[in-house]
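This is work11.txt. It holds compact mmCIF, C-alpha atoms.
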```
# COMPACT_ATOMS: atom_id res chain seq x y z
CA MET V 21 179.69 152.38 155.18
CA ASN V 22 183.37 151.76 154.34
CA LYS V 23 183.21 148.22 155.72
CA LEU V 24 180.16 147.56 153.57
CA LYS V 25 181.99 148.75 150.45
CA THR V 26 184.98 146.53 151.26
CA ILE V 27 182.66 143.53 151.64
CA TYR V 28 181.02 144.44 148.33
CA TYR V 29 184.35 144.52 146.48
CA VAL V 30 185.58 141.26 148.03
CA TYR V 31 182.38 139.43 147.05
CA ARG V 32 182.34 141.05 143.62
CA ASP V 33 185.87 139.73 143.00
CA ILE V 34 184.85 136.26 144.19
CA LEU V 35 181.79 136.23 141.92
CA LEU V 36 183.81 137.41 138.92
CA THR V 37 186.37 134.68 139.53
CA LYS V 38 183.65 132.03 139.80
CA TYR V 39 181.97 133.37 136.64
CA TRP V 40 185.16 133.10 134.61
CA PHE V 41 185.73 129.58 135.88
CA TRP V 42 182.20 128.66 134.84
CA ARG V 43 182.77 130.22 131.40
CA SER V 44 186.05 128.36 130.94
CA LYS V 45 185.07 125.01 132.50
CA ASN V 46 186.34 123.09 129.46
CA SER V 47 189.66 124.94 129.43
CA LYS V 48 192.74 123.05 130.51
CA THR V 49 194.40 126.25 131.74
CA HIS V 50 193.27 127.98 134.92
CA GLY V 51 195.03 131.33 135.15
CA LEU V 52 194.19 134.82 136.28
CA ILE V 53 195.87 138.12 135.46
CA LEU V 54 195.40 140.62 138.28
CA MET V 55 195.85 144.18 137.01
CA TYR V 56 196.11 147.06 139.44
CA HIS V 57 196.68 150.78 139.09
CA SER V 58 196.91 151.84 142.70
CA ILE V 59 197.19 150.30 146.18
CA ASP V 60 196.42 153.02 148.69
CA ASP V 61 194.06 153.49 151.63
CA LYS V 62 192.87 156.68 149.89
CA ASN V 63 191.15 154.32 147.45
CA GLU V 64 188.60 153.22 150.08
CA GLY V 65 185.17 153.28 148.50
CA HIS V 66 186.62 153.90 145.04
CA THR V 67 184.53 152.38 142.28
CA ASN V 68 187.45 151.81 139.88
CA SER V 69 188.16 148.07 139.92
CA CYS V 70 191.90 148.67 139.43
CA LYS V 71 192.31 150.82 142.55
CA HIS V 72 192.30 149.06 145.91
CA THR V 73 193.18 149.63 149.51
CA LYS V 74 196.12 147.71 150.92
CA LYS V 75 193.69 145.56 152.92
CA GLU V 76 191.67 144.67 149.78
CA PHE V 77 194.86 143.89 147.86
CA ILE V 78 196.21 141.55 150.56
CA SER V 79 192.78 139.98 151.01
CA THR V 80 192.65 139.09 147.31
CA ILE V 81 196.14 137.55 147.41
CA LEU V 82 195.31 135.50 150.52
CA ARG V 83 191.97 134.34 149.08
CA LEU V 84 193.61 133.16 145.88
CA LYS V 85 196.33 131.33 147.82
CA LYS V 86 193.63 129.65 149.91
CA GLU V 87 191.88 128.59 146.68
CA GLY V 88 195.08 126.89 145.53
CA TYR V 89 196.55 129.46 143.16
CA ILE V 90 200.27 129.83 142.74
CA PHE V 91 201.67 133.23 141.82
CA VAL V 92 203.94 133.23 138.79
CA SER V 93 205.65 135.67 136.45
CA ILE V 94 204.20 136.48 133.05
CA ALA V 95 206.89 134.32 131.39
CA SER V 96 205.99 131.37 133.62
CA ALA V 97 202.29 131.88 132.91
CA LEU V 98 202.94 131.80 129.17
CA ASP V 99 204.91 128.55 129.58
CA MET V 100 202.08 127.07 131.64
CA ILE V 101 199.54 127.98 128.98
CA LYS V 102 201.75 126.69 126.18
CA ASN V 103 202.32 123.39 128.01
CA LYS V 104 198.64 123.12 129.04
CA ASN V 105 199.63 122.97 132.70
CA ARG V 106 196.49 122.37 134.76
CA SER V 107 197.72 124.21 137.86
CA LYS V 108 195.79 127.25 138.99
CA PHE V 109 198.01 130.31 138.62
CA ALA V 110 197.79 134.07 139.00
CA VAL V 111 199.94 136.89 137.64
CA VAL V 112 200.12 140.26 139.42
CA THR V 113 200.60 143.36 137.24
CA PHE V 114 200.56 147.10 137.85
CA ASP V 115 199.84 149.74 135.21
CA ASP V 116 201.33 153.26 135.32
CA VAL V 117 202.93 152.46 138.73
CA PRO V 118 202.22 155.35 141.09
CA GLU V 119 204.51 155.53 144.12
CA ASP V 120 201.85 153.96 146.38
CA VAL V 121 202.59 150.62 144.66
CA TYR V 122 206.16 150.85 145.94
CA HIS V 123 205.06 151.79 149.46
CA ASN V 124 202.00 149.55 149.87
CA ALA V 125 202.21 146.56 147.49
CA TYR V 126 205.93 145.96 146.98
CA PRO V 127 206.80 145.18 150.64
CA TYR V 128 204.07 142.53 150.85
CA LEU V 129 204.87 140.98 147.47
CA ASN V 130 208.59 140.95 148.25
CA GLU V 131 208.10 139.43 151.71
CA HIS V 132 205.96 136.62 150.25
CA ASN V 133 208.13 136.06 147.15
CA ILE V 134 205.26 136.88 144.79
CA PRO V 135 206.49 137.88 141.34
CA PHE V 136 204.89 140.89 139.68
CA THR V 137 205.22 142.97 136.55
CA LEU V 138 205.27 146.75 136.27
CA PHE V 139 204.02 148.46 133.11
CA VAL V 140 205.53 151.92 133.32
CA SER V 141 204.05 154.63 131.12
CA GLN V 142 206.76 157.09 130.21
CA CYS V 143 204.32 160.02 130.21
CA TYR V 144 204.11 159.73 134.02
CA ILE V 145 207.85 159.70 134.70
CA ASP V 146 208.84 162.66 136.90
CA GLN V 147 205.18 163.52 137.54
CA PRO V 148 203.95 164.03 141.13
CA HIS V 149 203.23 160.73 142.94
CA PHE V 150 204.88 158.60 140.22
```
Could you spell out this file's structure in structure tokens?
Amino acid sequence: MNKLKTIYYVYRDILLTKYWFWRSKNSKTHGLILMYHSIDDKNEGHTNSCKHTKKEFISTILRLKKEGYIFVSIASALDMIKNKNRSKFAVVTFDDVPEDVYHNAYPYLNEHNIPFTLFVSQCYIDQPHF
């Protein structure tokens, strides 16, 4: 059952990406903002689209690289949009930043030199698992 759910989420992400490309076919900018809340194997089978397992997270990154995306910072993405750069780009962001992001996403992103942005909510500072 877990493998089936993983396949579902991978194909759902692919279909959503294709849909947005179809909707923006006349756009000169081809960028994606990937927003995550949590990267943890406890998220297996979770229906929240912002919570993924480490395997799902890495799979998404690899798929986008294979499709020709480059990973850039938010500042670089804004410059690309402003300059109507036609390159396909993706920005990785994390909201609230639970500690699993540090343990499961950061090592991979750091190893592959993928920039990312953390949006830290001050209400979670010093809370368990943050």
**Q.** From V:Thr73, V:Gly51, V:Pro118, V:His123, residue lying nearest Gly88 (chain V) [only C-alpha atoms]
**A.** V:Gly51
Q) What is the distance between CA of Lys62 (chain V) and CA of Ala125 (chain V), in Å to one decimal? A) 14.0 Å
Q. What does the distance from CA of His72 (chain V) to CA of His57 (chain V) come to in Å, to one decimal?
A.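 Separating CA of His72 (chain V) from CA of His57 (chain V) is a distance of 8.3 Å.
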Q. Which neighbours of Leu98 (chain V) fall inside 12 Å, counting all atoms listed in the file, when residues of the same chain fewer than 6 positions from it are skipped, and could you give them as a list in words?
A.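 Final neighbour list, sorted by chain and number: Thr49, His50, Gly51, Leu52, Ile53, Val92, Lys104, Asn105, Phe109, Ala110 and Val111 of chain V.
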**Q.** Distance criterion (only C-alpha atoms): nearest to Ser93 (chain V) out of V:Lys74, V:Phe114, V:Val140, V:Ile134
**A.**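 Closest residue, counting only C-alpha atoms: V:Ile134.
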Could you name the residues that touch Glu87 (chain V) at 12 Å or less, counting all atoms listed in the file, but leaving out those on the same chain fewer than 6 positions away, as a CSV table (one decimal) with C-alpha atoms, in the frame of the given file?
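Saved as around-v5.csv:
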```csv
chain,number,residue,atom,x,y,z
V,34,ILE,CA,184.8,136.3,144.2
V,37,THR,CA,186.4,134.7,139.5
V,38,LYS,CA,183.6,132.0,139.8
V,50,HIS,CA,193.3,128.0,134.9
V,80,THR,CA,192.6,139.1,147.3
V,81,ILE,CA,196.1,137.6,147.4
V,107,SER,CA,197.7,124.2,137.9
V,108,LYS,CA,195.8,127.2,139.0
V,109,PHE,CA,198.0,130.3,138.6
V,110,ALA,CA,197.8,134.1,139.0
```
Q: Tell me, as a ChimeraX atom specification, which residues lie within 9 Å of Tyr56 (chain V), counting all atoms listed in the file; anything in the same chain fewer than 3 positions away does not count.
A: /V:59,69-72,112-115,117
Q. Hey, can you check how far CA of Asp120 (chain V) sits from CA of Asp61 (chain V)?
A.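 About the pair CA of Asp120 (chain V) and CA of Asp61 (chain V): they are 9.4 Å apart.
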Q) When distances are computed from all atoms listed in the file, which of V:Lys85, V:Ser58, V:Lys75, V:Lys23 shows the smallest separation from Glu119 (chain V)? A)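 Once distances to Glu119 (chain V) are computed over all atoms listed in the file, the minimum belongs to V:Ser58.
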Calculate, to one decimal in Å, the centre and edge lengths of the box along x, y and z of the file that holds all listed atoms of region 76-84 of chain V with 4 Å of margin on each side, and present them as lines of an AutoDock Vina configuration file.
```
center_x = 193.9
center_y = 138.9
center_z = 148.4
size_x = 12.5
size_y = 19.5
size_z = 13.1
```
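With only C-alpha atoms as the atoms that count, the residue of V:Asn124, V:Ser96, V:Asn103, V:Ser79 with the shortest distance to Asp60 (chain V) is V:Asn124.
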Hey, could you patch up region 91-127 of chain V with N, CA and C atoms and hand it over as a PDB file, in the frame of the given file?
```
ATOM      1  N   PHE V  91     201.370 131.961 142.478  1.00  0.00           N
ATOM      2  CA  PHE V  91     201.670 133.230 141.820  1.00  0.00           C
ATOM      3  C   PHE V  91     202.937 133.064 141.001  1.00  0.00           C
ATOM      4  N   VAL V  92     202.831 133.436 139.731  1.00  0.00           N
ATOM      5  CA  VAL V  92     203.940 133.230 138.790  1.00  0.00           C
ATOM      6  C   VAL V  92     204.175 134.510 137.992  1.00  0.00           C
ATOM      7  N   SER V  93     205.327 134.558 137.342  1.00  0.00           N
ATOM      8  CA  SER V  93     205.650 135.670 136.450  1.00  0.00           C
ATOM      9  C   SER V  93     204.873 135.522 135.146  1.00  0.00           C
ATOM     10  N   ILE V  94     204.862 136.566 134.351  1.00  0.00           N
ATOM     11  CA  ILE V  94     204.200 136.480 133.050  1.00  0.00           C
ATOM     12  C   ILE V  94     204.850 135.404 132.190  1.00  0.00           C
ATOM     13  N   ALA V  95     206.179 135.342 132.192  1.00  0.00           N
ATOM     14  CA  ALA V  95     206.890 134.320 131.390  1.00  0.00           C
ATOM     15  C   ALA V  95     206.483 132.911 131.825  1.00  0.00           C
ATOM     16  N   SER V  96     206.407 132.689 133.126  1.00  0.00           N
ATOM     17  CA  SER V  96     205.990 131.370 133.620  1.00  0.00           C
ATOM     18  C   SER V  96     204.546 131.068 133.231  1.00  0.00           C
ATOM     19  N   ALA V  97     203.684 132.083 133.290  1.00  0.00           N
ATOM     20  CA  ALA V  97     202.290 131.880 132.910  1.00  0.00           C
ATOM     21  C   ALA V  97     202.190 131.483 131.434  1.00  0.00           C
ATOM     22  N   LEU V  98     202.956 132.133 130.589  1.00  0.00           N
ATOM     23  CA  LEU V  98     202.940 131.800 129.170  1.00  0.00           C
ATOM     24  C   LEU V  98     203.409 130.359 128.939  1.00  0.00           C
ATOM     25  N   ASP V  99     204.444 129.946 129.676  1.00  0.00           N
ATOM     26  CA  ASP V  99     204.910 128.550 129.580  1.00  0.00           C
ATOM     27  C   ASP V  99     203.830 127.583 130.050  1.00  0.00           C
ATOM     28  N   MET V 100     203.137 127.935 131.121  1.00  0.00           N
ATOM     29  CA  MET V 100     202.080 127.070 131.640  1.00  0.00           C
ATOM     30  C   MET V 100     200.944 126.929 130.636  1.00  0.00           C
ATOM     31  N   ILE V 101     200.592 128.018 129.997  1.00  0.00           N
ATOM     32  CA  ILE V 101     199.540 127.980 128.980  1.00  0.00           C
ATOM     33  C   ILE V 101     199.990 127.143 127.784  1.00  0.00           C
ATOM     34  N   LYS V 102     201.205 127.413 127.333  1.00  0.00           N
ATOM     35  CA  LYS V 102     201.750 126.690 126.180  1.00  0.00           C
ATOM     36  C   LYS V 102     201.802 125.187 126.441  1.00  0.00           C
ATOM     37  N   ASN V 103     202.188 124.800 127.658  1.00  0.00           N
ATOM     38  CA  ASN V 103     202.320 123.390 128.010  1.00  0.00           C
ATOM     39  C   ASN V 103     201.036 122.785 128.571  1.00  0.00           C
ATOM     40  N   LYS V 104     199.953 123.565 128.545  1.00  0.00           N
ATOM     41  CA  LYS V 104     198.640 123.120 129.040  1.00  0.00           C
ATOM     42  C   LYS V 104     198.712 122.593 130.479  1.00  0.00           C
ATOM     43  N   ASN V 105     199.499 123.293 131.281  1.00  0.00           N
ATOM     44  CA  ASN V 105     199.630 122.970 132.700  1.00  0.00           C
ATOM     45  C   ASN V 105     198.282 123.216 133.377  1.00  0.00           C
ATOM     46  N   ARG V 106     197.815 122.279 134.147  1.00  0.00           N
ATOM     47  CA  ARG V 106     196.490 122.370 134.760  1.00  0.00           C
ATOM     48  C   ARG V 106     196.497 123.057 136.131  1.00  0.00           C
ATOM     49  N   SER V 107     197.651 123.514 136.576  1.00  0.00           N
ATOM     50  CA  SER V 107     197.720 124.210 137.860  1.00  0.00           C
ATOM     51  C   SER V 107     196.984 125.546 137.791  1.00  0.00           C
ATOM     52  N   LYS V 108     196.412 125.934 138.911  1.00  0.00           N
ATOM     53  CA  LYS V 108     195.790 127.250 138.990  1.00  0.00           C
ATOM     54  C   LYS V 108     196.888 128.268 139.270  1.00  0.00           C
ATOM     55  N   PHE V 109     196.953 129.309 138.438  1.00  0.00           N
ATOM     56  CA  PHE V 109     198.010 130.310 138.620  1.00  0.00           C
ATOM     57  C   PHE V 109     197.441 131.715 138.503  1.00  0.00           C
ATOM     58  N   ALA V 110     198.166 132.656 139.086  1.00  0.00           N
ATOM     59  CA  ALA V 110     197.790 134.070 139.000  1.00  0.00           C
ATOM     60  C   ALA V 110     199.049 134.891 138.734  1.00  0.00           C
ATOM     61  N   VAL V 111     198.869 135.940 137.961  1.00  0.00           N
ATOM     62  CA  VAL V 111     199.940 136.890 137.640  1.00  0.00           C
ATOM     63  C   VAL V 111     199.510 138.250 138.178  1.00  0.00           C
ATOM     64  N   VAL V 112     200.412 138.933 138.873  1.00  0.00           N
ATOM     65  CA  VAL V 112     200.120 140.260 139.420  1.00  0.00           C
ATOM     66  C   VAL V 112     200.819 141.302 138.535  1.00  0.00           C
ATOM     67  N   THR V 113     200.028 142.280 138.058  1.00  0.00           N
ATOM     68  CA  THR V 113     200.600 143.360 137.240  1.00  0.00           C
ATOM     69  C   THR V 113     200.113 144.705 137.765  1.00  0.00           C
ATOM     70  N   PHE V 114     200.900 145.722 137.489  1.00  0.00           N
ATOM     71  CA  PHE V 114     200.560 147.100 137.850  1.00  0.00           C
ATOM     72  C   PHE V 114     200.765 147.983 136.624  1.00  0.00           C
ATOM     73  N   ASP V 115     199.749 148.783 136.308  1.00  0.00           N
ATOM     74  CA  ASP V 115     199.840 149.740 135.210  1.00  0.00           C
ATOM     75  C   ASP V 115     200.155 151.125 135.770  1.00  0.00           C
ATOM     76  N   ASP V 116     200.967 151.861 135.038  1.00  0.00           N
ATOM     77  CA  ASP V 116     201.330 153.260 135.320  1.00  0.00           C
ATOM     78  C   ASP V 116     202.211 153.416 136.561  1.00  0.00           C
ATOM     79  N   VAL V 117     202.077 152.585 137.547  1.00  0.00           N
ATOM     80  CA  VAL V 117     202.930 152.460 138.730  1.00  0.00           C
ATOM     81  C   VAL V 117     203.102 153.760 139.524  1.00  0.00           C
ATOM     82  N   PRO V 118     202.045 154.223 140.180  1.00  0.00           N
ATOM     83  CA  PRO V 118     202.220 155.350 141.090  1.00  0.00           C
ATOM     84  C   PRO V 118     203.058 154.907 142.297  1.00  0.00           C
ATOM     85  N   GLU V 119     203.589 155.861 143.020  1.00  0.00           N
ATOM     86  CA  GLU V 119     204.510 155.530 144.120  1.00  0.00           C
ATOM     87  C   GLU V 119     203.834 154.709 145.218  1.00  0.00           C
ATOM     88  N   ASP V 120     202.507 154.747 145.335  1.00  0.00           N
ATOM     89  CA  ASP V 120     201.850 153.960 146.380  1.00  0.00           C
ATOM     90  C   ASP V 120     202.053 152.459 146.155  1.00  0.00           C
ATOM     91  N   VAL V 121     202.292 152.033 144.922  1.00  0.00           N
ATOM     92  CA  VAL V 121     202.590 150.620 144.660  1.00  0.00           C
ATOM     93  C   VAL V 121     203.886 150.233 145.365  1.00  0.00           C
ATOM     94  N   TYR V 122     204.879 151.109 145.284  1.00  0.00           N
ATOM     95  CA  TYR V 122     206.160 150.850 145.940  1.00  0.00           C
ATOM     96  C   TYR V 122     205.997 150.807 147.463  1.00  0.00           C
ATOM     97  N   HIS V 123     205.205 151.704 148.005  1.00  0.00           N
ATOM     98  CA  HIS V 123     205.060 151.790 149.460  1.00  0.00           C
ATOM     99  C   HIS V 123     204.092 150.760 150.046  1.00  0.00           C
ATOM    100  N   ASN V 124     203.059 150.392 149.297  1.00  0.00           N
ATOM    101  CA  ASN V 124     202.000 149.550 149.870  1.00  0.00           C
ATOM    102  C   ASN V 124     201.950 148.117 149.327  1.00  0.00           C
ATOM    103  N   ALA V 125     202.285 147.912 148.070  1.00  0.00           N
ATOM    104  CA  ALA V 125     202.210 146.560 147.490  1.00  0.00           C
ATOM    105  C   ALA V 125     203.565 145.865 147.496  1.00  0.00           C
ATOM    106  N   TYR V 126     204.607 146.587 147.107  1.00  0.00           N
ATOM    107  CA  TYR V 126     205.930 145.960 146.980  1.00  0.00           C
ATOM    108  C   TYR V 126     206.400 145.260 148.255  1.00  0.00           C
ATOM    109  N   PRO V 127     206.318 145.885 149.439  1.00  0.00           N
ATOM    110  CA  PRO V 127     206.800 145.180 150.640  1.00  0.00           C
ATOM    111  C   PRO V 127     206.111 143.839 150.863  1.00  0.00           C
TER     112      PRO V 127
END
```
